Amino acid sequence: MTGYLLLALTLSFLITFVTVPRAIEKLSTSGKTVKDIYKKDNPQIPTNGAIVVFFTVLVVCATWPLLNRIVNRIIGQTELVFVDSTDITILLVISLFAIFGIIDDLLDLSWSAKLFVPLLFSFPIFIIYDPTYIEIPFYGIYDMSTDFIFDLAISDVFKLFVIPLYIMVVPNLINMHSGYNGLQTGLSSILLGSILIKCIIDSNIDNLLVPSTFLGGMFAFWYYNKYPANIFEGNIGSLCMGSIVGIILVLKDYYFFGIFILIPHIVDFLMLIYLRVKSLPFIKFGKIDDKGIIIAPNPIKMKFLLPYYFRMTEPQVVKYLYLITIIFCCGGILFL
């Protein structure tokens with residue numbers, strides 16, 4: 001099974017890697033560009049490039065039954081890895097987030113819409129996922145089938161409120177912890193790769209076709225998105241990447257593992273809350289000096305924390321932020 005997942009990952013990587021340069025050209029000529037704030041001349045960089053990753057995932061998954069049969073004929077195997085209802089549901093939810101990202105880019109939706117509309121996108125999951133228990137670290141299995149109120153079981157409340165909130169929060173956390181070349185795509189690749197590694201270690205490898213395909217495409221896109229970026233992912237990128245991470249964490253019952261590996265993202269969010277509570281201004285971007293050193297406006301943001309106290313360039317900050325997330329991902333895999 002893992003061989004087929006590796007095949008999907010590799011195929012998605014290759015298609016995305018070959019396609020992105022053409023997308024860079026097309027997006028540039030059509031004027032879909034934004035300024036790269038942390039470069040001296042503020043060059044215009046094409047954005048919304050993650051649509052290539054999204055489309056590649058759709059193409060690979062749509063043609064997977066045919067590819068699967070061809071590979072089986074070549075290697076003389078009879079094993080078939082079908083795209084089942086769970087995979088289709090995952091694709092549906094991701095597609096809803098992707099379309100919402102495109103609409104946001106076009107209409108610049110309000111923060112209230114960005115927070116509450118995505119809560120509805122996780123409802124298709126209830127067709128294929130009905131949790132009756134949750135495994136709590138250092139406690140054990142907690143039975144959620146008991147009654148809560150008005151003939152509603154705890155599991156019903158969990159489905160209606162916790163799961164939609166969980167899946168909605170993850171993309172928003174990933175969207176907020178960004179701002180440098182390659183930061184969002186790199187962190188998302190680290191998170192999704194860590195989840196897949198944990199699934200393999202736990203022998204929990206069912207329905208990993210879509211996330212494996214996504215990881216391949218994301219990693220290929222990261223190559224063009226890392227410093228100095230030739231293309232940005234746009235809102236469709238943050239929502240797609242965040243939704244696939246959130247969905248897999250839910251379907252694999254990795255709720256607490258997900259919280260642990262997302263601690264740097266959660267801290268970044270809490271810093272924003274601190275600003276709001278203290279009625280301090282939120283400054284989205286810093287500046288750079290003549291040597292490319294980042295001038296952070298304050299230390300109250302993960303991307304500003306290190307450059308506020310140390311003289312660091314953009315790629316240096318990104319590498320340290322990668323390292324922080326890698327440490328938490330390794331800790332989650334080892335201990336949860």
# chains A, B, ... in the order shown; residues from 1 in each chain; ligands from 1
call {"tool": "residues_around", "arguments": {"residues": "Ile51 (chain A)", "least_positions_apart": "4", "cutoff": "10 Å", "atoms": "only C-alpha atoms", "output": "NGL selection string"}}
result
:A and (20 or 23 or 47 or 55-57 or 98-99 or 101-102 or 233-237 or 240)
call {"tool": "residues_around", "arguments": {"residues": "Tyr4 (chain A)", "least_positions_apart": "5", "cutoff": "12 Å", "atoms": "only C-alpha atoms", "output": "ChimeraX atom specification"}}
result
/A:9-11,64-65,67-69,71-72,75,77,79-82,205-210,212-213
call {"tool": "closest_residue", "arguments": {"among": "A:Ile266, A:Ala220, A:Ile300, A:Ile247", "to": "Phe282 (chain A)", "atoms": "only C-alpha atoms"}}
result
A:Ile300
call {"tool": "closest_residue", "arguments": {"among": "A:Phe260, A:Ile37, A:Pro21, A:Ser188", "to": "Ile294 (chain A)", "atoms": "only C-alpha atoms"}}
result
A:Ile37
call {"tool": "closest_residue", "arguments": {"among": "A:Met144, A:Met312, A:Val83, A:Val170", "to": "His265 (chain A)", "atoms": "only C-alpha atoms"}}
result
A:Val170
call {"tool": "residues_around", "arguments": {"residues": "Asn181 (chain A)", "least_positions_apart": "6", "cutoff": "10 Å", "atoms": "only C-alpha atoms", "output": "PyMOL selection string"}}
result
chain A and resi 36+38+222+224-233+314-315+318
call {"tool": "write_last_selection", "arguments": {"atoms": "N, CA, C and O atoms", "output": "PDB file, in the first residue's frame"}}
result
ATOM      1  N   ASP A  36       6.347  41.756  -3.224  1.00  0.00           N
ATOM      2  CA  ASP A  36       7.155  41.001  -2.263  1.00  0.00           C
ATOM      3  C   ASP A  36       7.775  42.025  -1.323  1.00  0.00           C
ATOM      4  O   ASP A  36       8.759  42.690  -1.656  1.00  0.00           O
ATOM      5  N   TYR A  38       9.534  41.983   1.402  1.00  0.00           N
ATOM      6  CA  TYR A  38      10.865  41.861   2.009  1.00  0.00           C
ATOM      7  C   TYR A  38      11.991  41.793   0.978  1.00  0.00           C
ATOM      8  O   TYR A  38      13.010  41.142   1.199  1.00  0.00           O
ATOM      9  N   TRP A 222       6.661  24.323  -3.235  1.00  0.00           N
ATOM     10  CA  TRP A 222       7.581  24.968  -2.286  1.00  0.00           C
ATOM     11  C   TRP A 222       8.904  25.323  -2.957  1.00  0.00           C
ATOM     12  O   TRP A 222       9.509  26.363  -2.643  1.00  0.00           O
ATOM     13  N   TYR A 224       9.473  26.494  -5.834  1.00  0.00           N
ATOM     14  CA  TYR A 224       9.342  27.776  -6.521  1.00  0.00           C
ATOM     15  C   TYR A 224       8.916  28.901  -5.572  1.00  0.00           C
ATOM     16  O   TYR A 224       9.059  30.080  -5.905  1.00  0.00           O
ATOM     17  N   ASN A 225       8.392  28.526  -4.406  1.00  0.00           N
ATOM     18  CA  ASN A 225       7.880  29.488  -3.448  1.00  0.00           C
ATOM     19  C   ASN A 225       8.921  29.896  -2.402  1.00  0.00           C
ATOM     20  O   ASN A 225       8.800  30.937  -1.765  1.00  0.00           O
ATOM     21  N   LYS A 226       9.956  29.082  -2.238  1.00  0.00           N
ATOM     22  CA  LYS A 226      10.995  29.401  -1.255  1.00  0.00           C
ATOM     23  C   LYS A 226      11.820  30.596  -1.732  1.00  0.00           C
ATOM     24  O   LYS A 226      11.757  30.998  -2.880  1.00  0.00           O
ATOM     25  N   TYR A 227      12.598  31.154  -0.811  1.00  0.00           N
ATOM     26  CA  TYR A 227      13.386  32.351  -1.098  1.00  0.00           C
ATOM     27  C   TYR A 227      14.399  32.115  -2.214  1.00  0.00           C
ATOM     28  O   TYR A 227      15.099  31.112  -2.197  1.00  0.00           O
ATOM     29  N   PRO A 228      14.504  33.039  -3.176  1.00  0.00           N
ATOM     30  CA  PRO A 228      13.599  34.166  -3.459  1.00  0.00           C
ATOM     31  C   PRO A 228      12.403  33.674  -4.269  1.00  0.00           C
ATOM     32  O   PRO A 228      12.559  33.084  -5.335  1.00  0.00           O
ATOM     33  N   ALA A 229      11.231  33.893  -3.783  1.00  0.00           N
ATOM     34  CA  ALA A 229      10.014  33.303  -4.357  1.00  0.00           C
ATOM     35  C   ALA A 229       9.766  33.781  -5.783  1.00  0.00           C
ATOM     36  O   ALA A 229       9.908  34.963  -6.093  1.00  0.00           O
ATOM     37  N   ASN A 230       9.383  32.837  -6.629  1.00  0.00           N
ATOM     38  CA  ASN A 230       8.957  33.145  -7.987  1.00  0.00           C
ATOM     39  C   ASN A 230       7.437  33.160  -8.110  1.00  0.00           C
ATOM     40  O   ASN A 230       6.898  33.601  -9.125  1.00  0.00           O
ATOM     41  N   ILE A 231       6.751  32.658  -7.057  1.00  0.00           N
ATOM     42  CA  ILE A 231       5.292  32.585  -7.075  1.00  0.00           C
ATOM     43  C   ILE A 231       4.807  32.457  -5.640  1.00  0.00           C
ATOM     44  O   ILE A 231       5.481  31.879  -4.782  1.00  0.00           O
ATOM     45  N   PHE A 232       3.640  33.041  -5.366  1.00  0.00           N
ATOM     46  CA  PHE A 232       2.998  32.929  -4.064  1.00  0.00           C
ATOM     47  C   PHE A 232       1.780  32.008  -4.163  1.00  0.00           C
ATOM     48  O   PHE A 232       1.220  31.828  -5.248  1.00  0.00           O
ATOM     49  N   GLU A 233       1.382  31.444  -3.034  1.00  0.00           N
ATOM     50  CA  GLU A 233       0.293  30.475  -3.029  1.00  0.00           C
ATOM     51  C   GLU A 233      -1.086  31.121  -3.039  1.00  0.00           C
ATOM     52  O   GLU A 233      -2.034  30.572  -3.588  1.00  0.00           O
ATOM     53  N   GLU A 314      15.528  37.133   5.868  1.00  0.00           N
ATOM     54  CA  GLU A 314      14.286  36.380   5.666  1.00  0.00           C
ATOM     55  C   GLU A 314      14.518  34.872   5.600  1.00  0.00           C
ATOM     56  O   GLU A 314      13.848  34.122   6.325  1.00  0.00           O
ATOM     57  N   PRO A 315      15.438  34.361   4.753  1.00  0.00           N
ATOM     58  CA  PRO A 315      15.632  32.905   4.713  1.00  0.00           C
ATOM     59  C   PRO A 315      16.128  32.328   6.037  1.00  0.00           C
ATOM     60  O   PRO A 315      15.810  31.177   6.369  1.00  0.00           O
ATOM     61  N   VAL A 318      13.038  31.928   8.310  1.00  0.00           N
ATOM     62  CA  VAL A 318      12.209  30.822   7.829  1.00  0.00           C
ATOM     63  C   VAL A 318      12.795  29.477   8.250  1.00  0.00           C
ATOM     64  O   VAL A 318      12.069  28.583   8.692  1.00  0.00           O
TER      65      VAL A 318
END
call {"tool": "atom_distance", "arguments": {"atom1": "CA of Leu119 (chain A)", "atom2": "CA of Ser194 (chain A)"}}
result
25.1 Å
call {"tool": "atom_distance", "arguments": {"atom1": "CA of Ala153 (chain A)", "atom2": "CA of Leu249 (chain A)"}}
result
22.2 Å
call {"tool": "select_by_dssp", "arguments": {"residues": "region 86-256 of chain A", "states": "strand (DSSP E)", "output": "ChimeraX atom specification"}}
result
/A:133-136,140-143,147-149,152-153
call {"tool": "write_last_selection", "arguments": {"atoms": "N, CA and C atoms", "output": "short mmCIF file (atom, residue, chain, number, x, y, z; two decimals), in the first residue's frame"}}
result
data_model
loop_
_atom_site.label_atom_id
_atom_site.label_comp_id
_atom_site.auth_asym_id
_atom_site.auth_seq_id
_atom_site.Cartn_x
_atom_site.Cartn_y
_atom_site.Cartn_z
N TYR A 133 -15.97 7.53 20.26
CA TYR A 133 -15.00 7.61 21.36
C TYR A 133 -13.84 8.48 20.92
N ILE A 134 -13.07 8.93 21.89
CA ILE A 134 -11.88 9.70 21.60
C ILE A 134 -10.78 9.23 22.54
N GLU A 135 -9.58 9.11 22.01
CA GLU A 135 -8.45 8.67 22.82
C GLU A 135 -7.72 9.90 23.35
N ILE A 136 -7.70 10.03 24.67
CA ILE A 136 -7.08 11.17 25.32
C ILE A 136 -5.71 10.75 25.86
N GLY A 140 -6.65 7.67 28.27
CA GLY A 140 -7.16 6.47 27.64
C GLY A 140 -8.36 6.78 26.77
N ILE A 141 -9.21 5.78 26.58
CA ILE A 141 -10.39 5.91 25.72
C ILE A 141 -11.54 6.55 26.48
N TYR A 142 -12.11 7.61 25.91
CA TYR A 142 -13.28 8.23 26.51
C TYR A 142 -14.50 7.95 25.64
N ASP A 143 -15.50 7.32 26.23
CA ASP A 143 -16.72 6.94 25.52
C ASP A 143 -17.63 8.17 25.35
N ASP A 147 -25.44 9.86 26.88
CA ASP A 147 -26.34 11.00 26.67
C ASP A 147 -25.74 12.28 27.24
N PHE A 148 -26.01 13.36 26.56
CA PHE A 148 -25.54 14.68 27.01
C PHE A 148 -26.73 15.52 27.49
N ILE A 149 -27.63 15.85 26.57
CA ILE A 149 -28.82 16.63 26.90
C ILE A 149 -29.84 16.50 25.77
N LEU A 152 -29.47 13.98 23.08
CA LEU A 152 -28.26 14.10 22.27
C LEU A 152 -27.10 13.45 23.01
N ALA A 153 -26.38 12.61 22.29
CA ALA A 153 -25.19 12.00 22.88
C ALA A 153 -24.03 12.98 22.80
#
